[in-house]
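K.L.:
What follows is the file my_file-v1.tsv, containing TSV, C-alpha atoms:
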```tsv
chain	number	residue	atom	x	y	z
A	1	MET	CA	4.68	21.43	8.17
A	2	THR	CA	1.17	20.58	9.24
A	3	ALA	CA	1.25	17.59	11.56
A	4	VAL	CA	-1.47	15.08	10.77
A	5	PRO	CA	-3.12	14.11	14.10
A	6	THR	CA	-2.66	10.43	14.97
A	7	ILE	CA	-6.38	9.84	15.22
A	8	LEU	CA	-6.90	11.17	11.70
A	9	ASP	CA	-4.06	9.07	10.37
A	10	GLU	CA	-5.33	5.88	12.02
A	11	ARG	CA	-8.88	6.55	10.87
A	12	PHE	CA	-7.79	6.81	7.26
A	13	ARG	CA	-5.65	3.67	7.46
A	14	ALA	CA	-8.59	1.71	8.87
A	15	ALA	CA	-11.00	3.14	6.27
A	16	ALA	CA	-8.58	2.29	3.47
A	17	ALA	CA	-8.46	-1.35	4.57
A	18	ALA	CA	-12.25	-1.47	4.99
A	19	SER	CA	-12.76	-0.02	1.51
A	20	GLY	CA	-11.38	-3.21	-0.07
A	21	GLU	CA	-9.21	-1.11	-2.37
A	22	LEU	CA	-5.83	-2.13	-0.96
A	23	ASP	CA	-3.59	-4.61	-2.74
A	24	VAL	CA	-1.82	-5.30	0.56
A	25	ALA	CA	-2.39	-4.11	4.13
A	26	TYR	CA	0.62	-4.65	6.36
A	27	ASP	CA	1.95	-3.92	9.81
A	28	VAL	CA	5.16	-4.47	11.71
A	29	LEU	CA	4.62	-6.48	14.91
A	30	ASP	CA	7.44	-5.14	17.05
A	31	ASP	CA	7.44	-7.38	20.08
A	32	THR	CA	7.07	-11.03	19.16
A	33	PRO	CA	9.29	-13.66	20.82
A	34	VAL	CA	11.17	-14.00	17.51
A	35	GLY	CA	11.72	-10.26	17.08
A	36	PRO	CA	9.95	-7.79	14.81
A	37	LEU	CA	7.81	-9.34	12.08
A	38	LEU	CA	6.37	-7.61	9.05
A	39	VAL	CA	3.01	-9.18	8.25
A	40	GLY	CA	0.97	-8.51	5.10
A	41	VAL	CA	-2.51	-9.55	3.94
A	42	SER	CA	-4.15	-9.17	0.54
A	43	ASP	CA	-7.84	-9.53	-0.22
A	44	ARG	CA	-7.14	-13.26	-0.66
A	45	GLY	CA	-5.27	-13.91	2.53
A	46	LEU	CA	-1.94	-13.81	4.29
A	47	CYS	CA	0.72	-12.91	1.72
A	48	ARG	CA	3.88	-12.08	3.69
A	49	ILE	CA	5.74	-12.73	6.90
A	50	ASP	CA	9.18	-11.24	7.09
A	51	PHE	CA	11.81	-11.45	9.85
A	52	ASP	CA	13.89	-8.34	10.62
A	53	PRO	CA	11.93	-6.31	8.10
A	54	GLU	CA	13.40	-3.37	6.25
A	55	PRO	CA	10.07	-1.70	5.44
A	56	GLU	CA	11.35	0.41	2.53
A	57	ALA	CA	12.67	-2.55	0.55
A	58	GLU	CA	9.78	-4.75	1.62
A	59	LEU	CA	7.22	-2.17	0.44
A	60	GLU	CA	8.78	-2.09	-3.00
A	61	ARG	CA	8.71	-5.87	-3.16
A	62	LEU	CA	5.08	-6.11	-2.11
A	63	ALA	CA	4.11	-3.41	-4.61
A	64	ARG	CA	5.93	-5.25	-7.39
A	65	GLN	CA	4.29	-8.56	-6.56
A	66	PHE	CA	0.75	-7.55	-5.63
A	67	GLY	CA	0.19	-4.00	-6.90
A	68	PRO	CA	1.10	-0.50	-5.71
A	69	ARG	CA	-1.75	-0.01	-3.25
A	70	VAL	CA	0.25	-1.12	-0.22
A	71	LEU	CA	-0.53	0.60	3.09
A	72	ARG	CA	0.26	0.05	6.74
A	73	SER	CA	-3.08	-0.70	8.36
A	74	PRO	CA	-2.84	-2.44	11.76
A	75	LYS	CA	-6.62	-2.94	11.98
A	76	ALA	CA	-6.56	-5.24	8.96
A	77	LEU	CA	-4.07	-7.56	10.65
A	78	GLY	CA	-6.11	-8.33	13.76
A	79	LEU	CA	-6.89	-11.96	12.95
A	80	VAL	CA	-3.33	-12.81	11.90
A	81	GLN	CA	-1.90	-11.15	14.97
A	82	ARG	CA	-4.25	-13.09	17.24
A	83	GLU	CA	-3.35	-16.45	15.69
A	84	LEU	CA	0.36	-15.66	15.91
A	85	ASP	CA	-0.01	-14.63	19.57
A	86	GLU	CA	-1.79	-17.90	20.30
A	87	TYR	CA	0.92	-19.84	18.50
A	88	PHE	CA	3.75	-18.10	20.33
A	89	THR	CA	2.16	-18.83	23.69
A	90	GLY	CA	1.65	-22.50	22.83
A	91	ARG	CA	-2.14	-22.31	22.62
A	92	ARG	CA	-2.37	-22.84	18.87
A	93	HIS	CA	-0.91	-25.75	16.93
A	94	ALA	CA	-2.36	-25.04	13.47
A	95	PHE	CA	-3.26	-21.82	11.67
A	96	ASP	CA	-6.71	-21.18	10.22
A	97	LEU	CA	-5.71	-18.51	7.74
A	98	GLU	CA	-6.31	-18.14	4.03
A	99	LEU	CA	-2.94	-17.96	2.25
A	100	ASP	CA	-2.15	-15.94	-0.86
A	101	LEU	CA	0.75	-17.49	-2.76
A	102	ARG	CA	0.06	-15.83	-6.12
A	103	PRO	CA	3.62	-14.61	-6.80
A	104	THR	CA	5.15	-17.96	-5.79
A	105	PRO	CA	6.40	-20.08	-8.72
A	106	ASP	CA	4.69	-23.39	-9.34
A	107	PHE	CA	7.38	-25.78	-8.06
A	108	HIS	CA	7.79	-23.67	-4.91
A	109	ARG	CA	4.07	-23.76	-4.33
A	110	ARG	CA	3.90	-27.54	-4.65
A	111	VAL	CA	6.68	-27.89	-2.10
A	112	LEU	CA	5.04	-25.40	0.26
A	113	VAL	CA	1.71	-27.20	0.07
A	114	GLU	CA	3.49	-30.42	1.00
A	115	LEU	CA	5.37	-28.60	3.78
A	116	ASN	CA	2.06	-27.44	5.19
A	117	ARG	CA	1.19	-31.06	6.01
A	118	VAL	CA	4.10	-31.39	8.44
A	119	GLU	CA	2.44	-31.20	11.80
A	120	TYR	CA	3.24	-29.19	14.88
A	121	GLY	CA	6.03	-30.73	16.93
A	122	HIS	CA	7.19	-32.97	14.07
A	123	THR	CA	10.10	-32.57	11.66
A	124	THR	CA	10.86	-33.81	8.19
A	125	THR	CA	13.92	-33.64	5.93
A	126	TYR	CA	14.69	-31.83	2.71
A	127	GLY	CA	15.04	-35.15	0.93
A	128	ALA	CA	11.72	-36.48	2.21
A	129	LEU	CA	9.90	-33.34	1.05
A	130	ALA	CA	11.59	-33.61	-2.34
A	131	ALA	CA	10.41	-37.20	-2.67
A	132	GLN	CA	6.86	-36.21	-1.72
A	133	VAL	CA	6.62	-33.75	-4.60
A	134	GLY	CA	7.95	-36.40	-6.98
A	135	ALA	CA	11.46	-34.98	-7.30
A	136	PRO	CA	13.54	-37.22	-5.02
A	137	ARG	CA	16.85	-35.74	-6.16
A	138	ALA	CA	15.77	-32.14	-5.62
A	139	ALA	CA	16.68	-31.84	-1.93
A	140	ARG	CA	18.82	-28.78	-2.65
A	141	ALA	CA	16.03	-27.13	-4.63
A	142	VAL	CA	13.72	-27.80	-1.70
A	143	GLY	CA	16.26	-26.02	0.49
A	144	THR	CA	15.97	-23.00	-1.80
A	145	VAL	CA	12.18	-23.10	-1.56
A	146	MET	CA	12.44	-23.10	2.25
A	147	ASN	CA	14.87	-20.20	2.12
A	148	ARG	CA	12.44	-18.14	0.04
A	149	ASN	CA	9.32	-19.15	1.93
A	150	PRO	CA	7.13	-16.00	1.88
A	151	LEU	CA	5.18	-17.15	4.97
A	152	PRO	CA	7.66	-18.56	7.51
A	153	ILE	CA	6.21	-19.78	10.84
A	154	VAL	CA	2.76	-20.28	9.25
A	155	LEU	CA	4.20	-22.46	6.49
A	156	PRO	CA	6.51	-24.33	8.86
A	157	CYS	CA	9.87	-24.43	7.11
A	158	HIS	CA	11.45	-24.52	10.59
A	159	ARG	CA	10.25	-28.15	10.74
A	160	VAL	CA	12.57	-29.18	7.93
A	161	VAL	CA	16.00	-30.46	9.01
A	162	GLY	CA	18.98	-32.24	7.47
A	163	ALA	CA	19.03	-36.01	6.94
A	164	ASN	CA	21.41	-36.38	9.90
A	165	GLY	CA	19.09	-34.38	12.15
A	166	SER	CA	21.14	-31.18	12.09
A	167	LEU	CA	19.17	-27.95	11.84
A	168	THR	CA	21.07	-27.04	8.65
A	169	GLY	CA	19.79	-23.50	8.01
A	170	TYR	CA	16.94	-21.04	8.31
A	171	GLY	CA	16.02	-17.86	6.41
A	172	GLY	CA	15.38	-16.11	9.72
A	173	GLY	CA	18.59	-17.41	11.33
A	174	LEU	CA	19.28	-20.68	13.16
A	175	ASP	CA	18.49	-19.20	16.59
A	176	ARG	CA	14.93	-18.65	15.55
A	177	LYS	CA	14.60	-22.13	14.05
A	178	GLU	CA	15.82	-23.58	17.31
A	179	TRP	CA	13.45	-21.39	19.33
A	180	LEU	CA	10.45	-22.43	17.23
A	181	LEU	CA	11.30	-26.13	17.42
A	182	ARG	CA	11.73	-25.89	21.20
A	183	LEU	CA	8.40	-24.08	21.49
A	184	GLU	CA	6.79	-27.01	19.67
A	185	GLY	CA	8.61	-29.58	21.77
A	186	ALA	CA	10.37	-31.01	18.75
A	187	LEU	CA	13.73	-30.17	20.24
A	188	LEU	CA	14.73	-30.76	23.82
B	1	MET	CA	3.88	-0.13	-12.82
B	2	SER	CA	7.36	1.33	-12.94
B	3	GLY	CA	7.80	4.61	-11.17
B	4	ILE	CA	4.64	4.43	-9.09
B	5	PRO	CA	5.66	4.37	-5.44
B	6	PRO	CA	3.88	2.11	-2.96
B	7	PHE	CA	0.77	3.94	-1.70
B	8	GLU	CA	2.26	4.05	1.81
B	9	ARG	CA	5.11	6.22	0.60
B	10	PHE	CA	2.81	8.43	-1.50
B	11	TYR	CA	0.53	8.95	1.50
B	12	GLU	CA	3.36	9.70	3.92
B	13	THR	CA	4.91	12.16	1.48
B	14	HIS	CA	1.77	14.19	0.83
B	15	LYS	CA	-0.54	13.83	3.84
B	16	SER	CA	0.74	16.89	5.65
B	17	GLU	CA	0.43	19.22	2.68
B	18	VAL	CA	-3.02	17.88	1.79
B	19	LEU	CA	-4.28	18.53	5.32
B	20	ALA	CA	-2.84	22.06	5.23
B	21	LEU	CA	-4.62	22.78	1.94
B	22	LEU	CA	-7.92	21.39	3.22
B	23	ARG	CA	-7.74	23.41	6.42
B	24	ARG	CA	-7.04	26.55	4.43
B	25	ARG	CA	-9.86	25.97	1.96
B	26	ALA	CA	-12.54	24.29	4.07
B	27	GLY	CA	-11.77	25.18	7.66
B	28	ARG	CA	-10.35	23.04	10.42
B	29	ASP	CA	-13.53	21.10	11.22
B	30	ARG	CA	-14.45	20.04	7.74
B	31	ALA	CA	-10.83	19.33	6.82
B	32	ASP	CA	-10.82	16.13	8.89
B	33	ASP	CA	-13.57	14.47	6.85
B	34	LEU	CA	-12.19	15.77	3.59
B	35	PHE	CA	-8.75	14.42	4.47
B	36	GLN	CA	-10.08	10.86	4.53
B	37	GLU	CA	-12.19	11.45	1.44
B	38	THR	CA	-9.24	12.84	-0.50
B	39	PHE	CA	-6.98	9.88	0.18
B	40	LEU	CA	-9.75	7.32	-0.35
B	41	ARG	CA	-10.39	8.90	-3.75
B	42	ALA	CA	-6.68	8.82	-4.48
B	43	LEU	CA	-6.51	5.17	-3.39
B	44	ARG	CA	-9.40	4.27	-5.69
B	45	ALA	CA	-7.63	5.84	-8.66
B	46	TYR	CA	-4.13	4.73	-7.69
B	47	GLY	CA	-4.29	1.31	-9.31
B	48	ARG	CA	-5.10	2.94	-12.65
B	49	LEU	CA	-2.19	5.38	-12.69
B	50	GLU	CA	0.13	4.82	-15.60
B	51	HIS	CA	3.14	6.61	-14.19
B	52	GLY	CA	4.30	8.16	-10.95
B	53	GLU	CA	4.87	11.71	-12.16
B	54	HIS	CA	3.14	14.80	-10.78
B	55	LEU	CA	1.62	12.87	-7.90
B	56	ARG	CA	1.78	16.00	-5.79
B	57	ALA	CA	-0.22	18.09	-8.27
B	58	TRP	CA	-2.54	15.14	-8.70
B	59	VAL	CA	-3.38	14.71	-5.03
B	60	LEU	CA	-3.71	18.46	-4.46
B	61	THR	CA	-6.15	18.53	-7.38
B	62	ILE	CA	-8.13	15.69	-5.80
B	63	ALA	CA	-8.15	17.54	-2.47
B	64	THR	CA	-9.39	20.72	-4.13
B	65	ASN	CA	-12.10	18.77	-5.93
B	66	ALA	CA	-13.18	17.24	-2.64
B	67	VAL	CA	-13.56	20.75	-1.20
B	68	VAL	CA	-15.60	21.82	-4.22
B	69	ASP	CA	-17.86	18.76	-4.00
B	70	ALA	CA	-18.42	19.25	-0.28
B	71	ALA	CA	-19.35	22.89	-0.83
B	72	ARG	CA	-21.78	21.84	-3.55
B	73	ARG	CA	-23.35	19.17	-1.35
B	74	GLU	CA	-23.76	21.69	1.39
B	75	ARG	CA	-25.36	24.16	-0.96
B	76	ALA	CA	-27.79	21.52	-2.20
B	77	THR	CA	-28.93	20.63	1.30
B	78	THR	CA	-29.23	24.17	2.62
B	79	GLU	CA	-32.06	25.83	0.79
B	80	LEU	CA	-32.08	29.59	0.65
B	81	SER	CA	-28.62	29.66	2.06
B	82	VAL	CA	-26.24	32.36	1.09
B	83	GLU	CA	-24.06	31.47	-1.87
B	84	PRO	CA	-20.75	30.18	-0.60
B	85	ALA	CA	-17.88	32.53	-1.14
B	86	SER	CA	-16.73	32.18	-4.71
B	87	GLU	CA	-13.34	31.18	-3.43
B	88	ASP	CA	-14.77	27.88	-2.22
B	89	VAL	CA	-16.31	26.85	-5.50
B	90	ARG	CA	-14.55	26.75	-8.82
B	91	PRO	CA	-17.02	25.63	-11.44
B	92	ALA	CA	-14.38	26.39	-14.04
B	93	VAL	CA	-12.77	23.15	-13.00
B	94	GLU	CA	-15.73	21.13	-14.25
B	95	GLU	CA	-15.67	22.91	-17.57
B	96	LEU	CA	-11.96	22.54	-17.96
B	97	ALA	CA	-11.61	18.90	-17.05
B	98	PRO	CA	-13.11	17.32	-20.21
B	99	LEU	CA	-11.44	19.88	-22.46
B	100	THR	CA	-7.97	19.21	-21.16
B	101	ASP	CA	-8.16	15.41	-21.09
B	102	ASP	CA	-5.93	14.98	-24.11
B	103	LEU	CA	-3.14	17.31	-23.00
B	104	PRO	CA	0.18	15.90	-21.83
B	105	PRO	CA	-0.04	15.45	-18.02
B	106	LYS	CA	2.21	18.35	-17.05
B	107	GLU	CA	0.47	20.81	-19.36
B	108	ARG	CA	-2.92	19.58	-18.25
B	109	ALA	CA	-2.04	19.98	-14.59
B	110	ALA	CA	-0.67	23.45	-15.22
B	111	VAL	CA	-3.74	24.58	-17.20
B	112	VAL	CA	-6.19	23.13	-14.68
B	113	LEU	CA	-4.34	24.51	-11.68
B	114	ARG	CA	-3.99	27.94	-13.30
B	115	TYR	CA	-7.42	28.45	-14.86
B	116	GLY	CA	-9.43	25.99	-12.83
B	117	TYR	CA	-8.04	26.70	-9.40
B	118	ASP	CA	-6.66	30.15	-10.04
B	119	LEU	CA	-3.34	29.23	-8.45
B	120	ASP	CA	-0.47	31.55	-9.26
B	121	TYR	CA	2.50	30.22	-11.19
B	122	ASP	CA	4.65	30.09	-8.12
B	123	ALA	CA	2.18	27.76	-6.41
B	124	ILE	CA	1.71	25.72	-9.57
B	125	GLY	CA	5.45	25.36	-9.92
B	126	ALA	CA	5.53	24.06	-6.36
B	127	ALA	CA	2.59	21.73	-6.99
B	128	LEU	CA	4.29	20.29	-10.05
B	129	GLY	CA	7.59	19.93	-8.28
B	130	SER	CA	9.30	22.40	-10.62
B	131	ASN	CA	9.39	26.19	-10.58
B	132	GLU	CA	7.44	29.29	-11.54
B	133	GLN	CA	8.96	29.61	-14.99
B	134	ALA	CA	8.40	25.98	-15.91
B	135	ALA	CA	4.79	26.21	-14.72
B	136	ARG	CA	4.22	29.31	-16.84
B	137	GLN	CA	5.68	27.56	-19.88
B	138	ALA	CA	3.64	24.40	-19.32
B	139	ALA	CA	0.40	26.36	-18.97
B	140	SER	CA	0.98	28.45	-22.07
B	141	ALA	CA	2.03	25.39	-24.08
B	142	GLY	CA	-1.21	23.72	-22.93
B	143	VAL	CA	-3.32	26.69	-23.94
B	144	ARG	CA	-1.61	26.87	-27.35
B	145	ARG	CA	-2.31	23.19	-27.87
B	146	LEU	CA	-5.96	23.59	-26.89
B	147	ARG	CA	-6.31	26.53	-29.26
B	148	LYS	CA	-4.81	24.50	-32.11
B	149	GLU	CA	-7.13	21.58	-31.42
B	150	LYS	CA	-10.10	23.92	-31.42
B	151	GLU	CA	-9.12	25.35	-34.79
B	152	GLN	CA	-8.76	21.88	-36.26
B	153	ARG	CA	-12.25	20.83	-35.25
```
Could you express the structure from this file as structure tokens?
P.N.:
Amino acid sequence: MTAVPTILDERFRAAAAASGELDVAYDVLDDTPVGPLLVGVSDRGLCRIDFDPEPEAELERLARQFGPRVLRSPKALGLVQRELDEYFTGRRHAFDLELDLRPTPDFHRRVLVELNRVEYGHTTTYGALAAQVGAPRAARAVGTVMNRNPLPIVLPCHRVVGANGSLTGYGGGLDRKEWLLRLEGALL
Amino acid sequence: MSGIPPFERFYETHKSEVLALLRRRAGRDRADDLFQETFLRALRAYGRLEHGEHLRAWVLTIATNAVVDAARRERATTELSVEPASEDVRPAVEELAPLTDDLPPKERAAVVLRYGYDLDYDAIGAALGSNEQAARQAASAGVRRLRKEKEQR
């Protein structure tokens, strides 16, 4: 087996992203305060954040949703990584990233747009979100939307709690929800 | 899109063999540039693939073409230079490509690799992910089909 030198490998991955031919460029950020995160960007913007990624399954999913030209290319993720770093260290309260929600069904997208208005350090409830999208009895459906949020952290589903104030649930696990809310000062 | 693996997996599976081929055909120094060129060409075409079969033969063909093109570029810029060794340039490939367009993929790959790149059946079998005998059969079936098409014209 001919080993491909790292420098050659990295050069190709960077050139591939720069060529504009990728459907999705992704990377796994190994040491964030909430554990490893898989982060993906398309030519339209951020398209995936995934806790505890299993790259094999995640690659298949990205290829199905955005096209087969999916490649790990750390260089392409620089901006996203910087904003996440700033967020995790408390220096950033809102993200300035283009978001690509193409594969997200319409109802989900409406809920996520509404979710995006919930500000740093504040919380809302499933029922309140449901009412805001004109479906006041759809609190459970809103819960499903939160659970399938393709861009957790950036689209702040951790800021959605139960009507009685309990944390209820989180796609990435309750520990992470608690950590994020503490970071934002929404939880003492 | 069924059957086409994510590009990441395709690249990881074939990068080592592509680099080995390029080093063998173009030398260690030039292989580095051709490595990037090969996979950028593959990436450009990847979205248009209709199935995920014979990807190995496909990328090795792209790599070989990249070597041929580089040799031609070099020849064009070096006036009065000595002809490159015939092993580096396979003009037969250019003649074969349009003729074999209509063949089924496996037969086309076998014919091009055999008569365009002068690979032996053992190597073609490996490139197609099958074996020597299957490669021989695919190439001869391809040639028969070409002959028939020629007669019908």
K.L.:
Using CA of Gly47 (chain B) and CA of Arg13 (chain A) as the two end points, give the distance in Å to one decimal.
P.N.:
17.0 Å
K.L.:
Give me the residues within 9 Å of region 97-112 of chain A as a PyMOL selection string, counting all atoms listed in the file and dropping any in the same chain fewer than 6 places off.
P.N.:
chain A and resi 41-48+65-66+79-80+83+129-130+132-133+141-142+144-146+148-151+154-157
K.L.:
Counting all atoms listed in the file, which residues of chain A come no farther than 9 Å from chain B, as a PyMOL selection string?
P.N.:
chain A and resi 1-4+8-9+11-13+15-16+19+21-23+56+59-60+62-64+67-72
K.L.:
I'd like the contact shell of Asn147 (chain A) - 8 Å cut-off, only C-alpha atoms, skipping same-chain residues fewer than 3 positions apart - returned as a ChimeraX atom specification.
P.N.:
/A:143-144,170-171
K.L.:
Report the distance between CA of Asp96 (chain A) and CA of Lys177 (chain A) in Å, rounded to one decimal place.
P.N.:
21.7 Å
K.L.:
Can you tell me, as number ranges by chain, what residues are no more than 12 Å from Thr89 (chain A) when counting all atoms listed in the file, ignoring any on the same chain fewer than 4 positions away?
P.N.:
A: 32-34, 82-85, 93, 180, 183-184
K.L.:
Figure out the distance between CA of Gln137 (chain B) and CA of Thr61 (chain B), please, to one decimal in Å.
P.N.:
19.4 Å
K.L.:
With all atoms listed in the file as the atoms that count, which of A:Gly127, A:Gly20, A:Gly185, A:Pro74 lies nearest to Gly40 (chain A)?
P.N.:
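That would be A:Pro74, the residue with the smallest distance to Gly40 (chain A).
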K.L.:
Looking at B:Ser140, B:Arg25, B:Arg75, B:Ala42, which one is nearest to Ala57 (chain B), with distances taken over all atoms listed in the file?
P.N.:
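For Ala57 (chain B), the nearest of the given residues is B:Ala42.
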K.L.:
Please provide as a list in words all residues within 12 Å of Pro105 (chain B), with the sequence filter that same-chain residues fewer than 3 positions apart are discarded (counting all atoms listed in the file).
P.N.:
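Contacts, in chain order: Leu49, Glu50, His51, Gly52, Glu53, His54, Leu55, Ala57, Trp58, Thr100, Asp101, Asp102, Arg108, Ala109, Ala110, Val111, Val112, Leu113, Leu128, Ala138, Ala139, Ala141 and Gly142 of chain B.
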K.L.:
Convert the current residue selection to file output with C-alpha atoms, as a PDB file, keeping the file's coordinate frame.
P.N.:
```pdb
ATOM      1  CA  LEU B  49      -2.190   5.380 -12.690  1.00  0.00           C
ATOM      2  CA  GLU B  50       0.130   4.820 -15.600  1.00  0.00           C
ATOM      3  CA  HIS B  51       3.140   6.610 -14.190  1.00  0.00           C
ATOM      4  CA  GLY B  52       4.300   8.160 -10.950  1.00  0.00           C
ATOM      5  CA  GLU B  53       4.870  11.710 -12.160  1.00  0.00           C
ATOM      6  CA  HIS B  54       3.140  14.800 -10.780  1.00  0.00           C
ATOM      7  CA  LEU B  55       1.620  12.870  -7.900  1.00  0.00           C
ATOM      8  CA  ALA B  57      -0.220  18.090  -8.270  1.00  0.00           C
ATOM      9  CA  TRP B  58      -2.540  15.140  -8.700  1.00  0.00           C
ATOM     10  CA  THR B 100      -7.970  19.210 -21.160  1.00  0.00           C
ATOM     11  CA  ASP B 101      -8.160  15.410 -21.090  1.00  0.00           C
ATOM     12  CA  ASP B 102      -5.930  14.980 -24.110  1.00  0.00           C
ATOM     13  CA  ARG B 108      -2.920  19.580 -18.250  1.00  0.00           C
ATOM     14  CA  ALA B 109      -2.040  19.980 -14.590  1.00  0.00           C
ATOM     15  CA  ALA B 110      -0.670  23.450 -15.220  1.00  0.00           C
ATOM     16  CA  VAL B 111      -3.740  24.580 -17.200  1.00  0.00           C
ATOM     17  CA  VAL B 112      -6.190  23.130 -14.680  1.00  0.00           C
ATOM     18  CA  LEU B 113      -4.340  24.510 -11.680  1.00  0.00           C
ATOM     19  CA  LEU B 128       4.290  20.290 -10.050  1.00  0.00           C
ATOM     20  CA  ALA B 138       3.640  24.400 -19.320  1.00  0.00           C
ATOM     21  CA  ALA B 139       0.400  26.360 -18.970  1.00  0.00           C
ATOM     22  CA  ALA B 141       2.030  25.390 -24.080  1.00  0.00           C
ATOM     23  CA  GLY B 142      -1.210  23.720 -22.930  1.00  0.00           C
TER      24      GLY B 142
END
```
K.L.:
Would you kindly return, as a ChimeraX atom specification, each protein, DNA or RNA residue with an atom no farther than 10 Å from any atom of His122 (chain A), considering all atoms listed in the file and excluding same-chain residues fewer than 6 positions away?
P.N.:
/A:159-160,181,184-187
K.L.:
Find the residue from B:His14, B:Ile124, B:Pro104, B:Tyr115 that sits nearest to Arg56 (chain B); use all atoms listed in the file when measuring.
P.N.:
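Closest candidate: B:His14.
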K.L.:
Which is closer to Val143 (chain B) than all the others in B:Asp29, B:Leu34, B:Asp122, B:Leu99, using all atoms listed in the file?
P.N.:
B:Leu99
K.L.:
Could you check which of A:Arg137, A:Arg91, A:Arg117, A:His158 is closest to Leu174 (chain A), using all atoms listed in the file?
P.N.:
A:His158
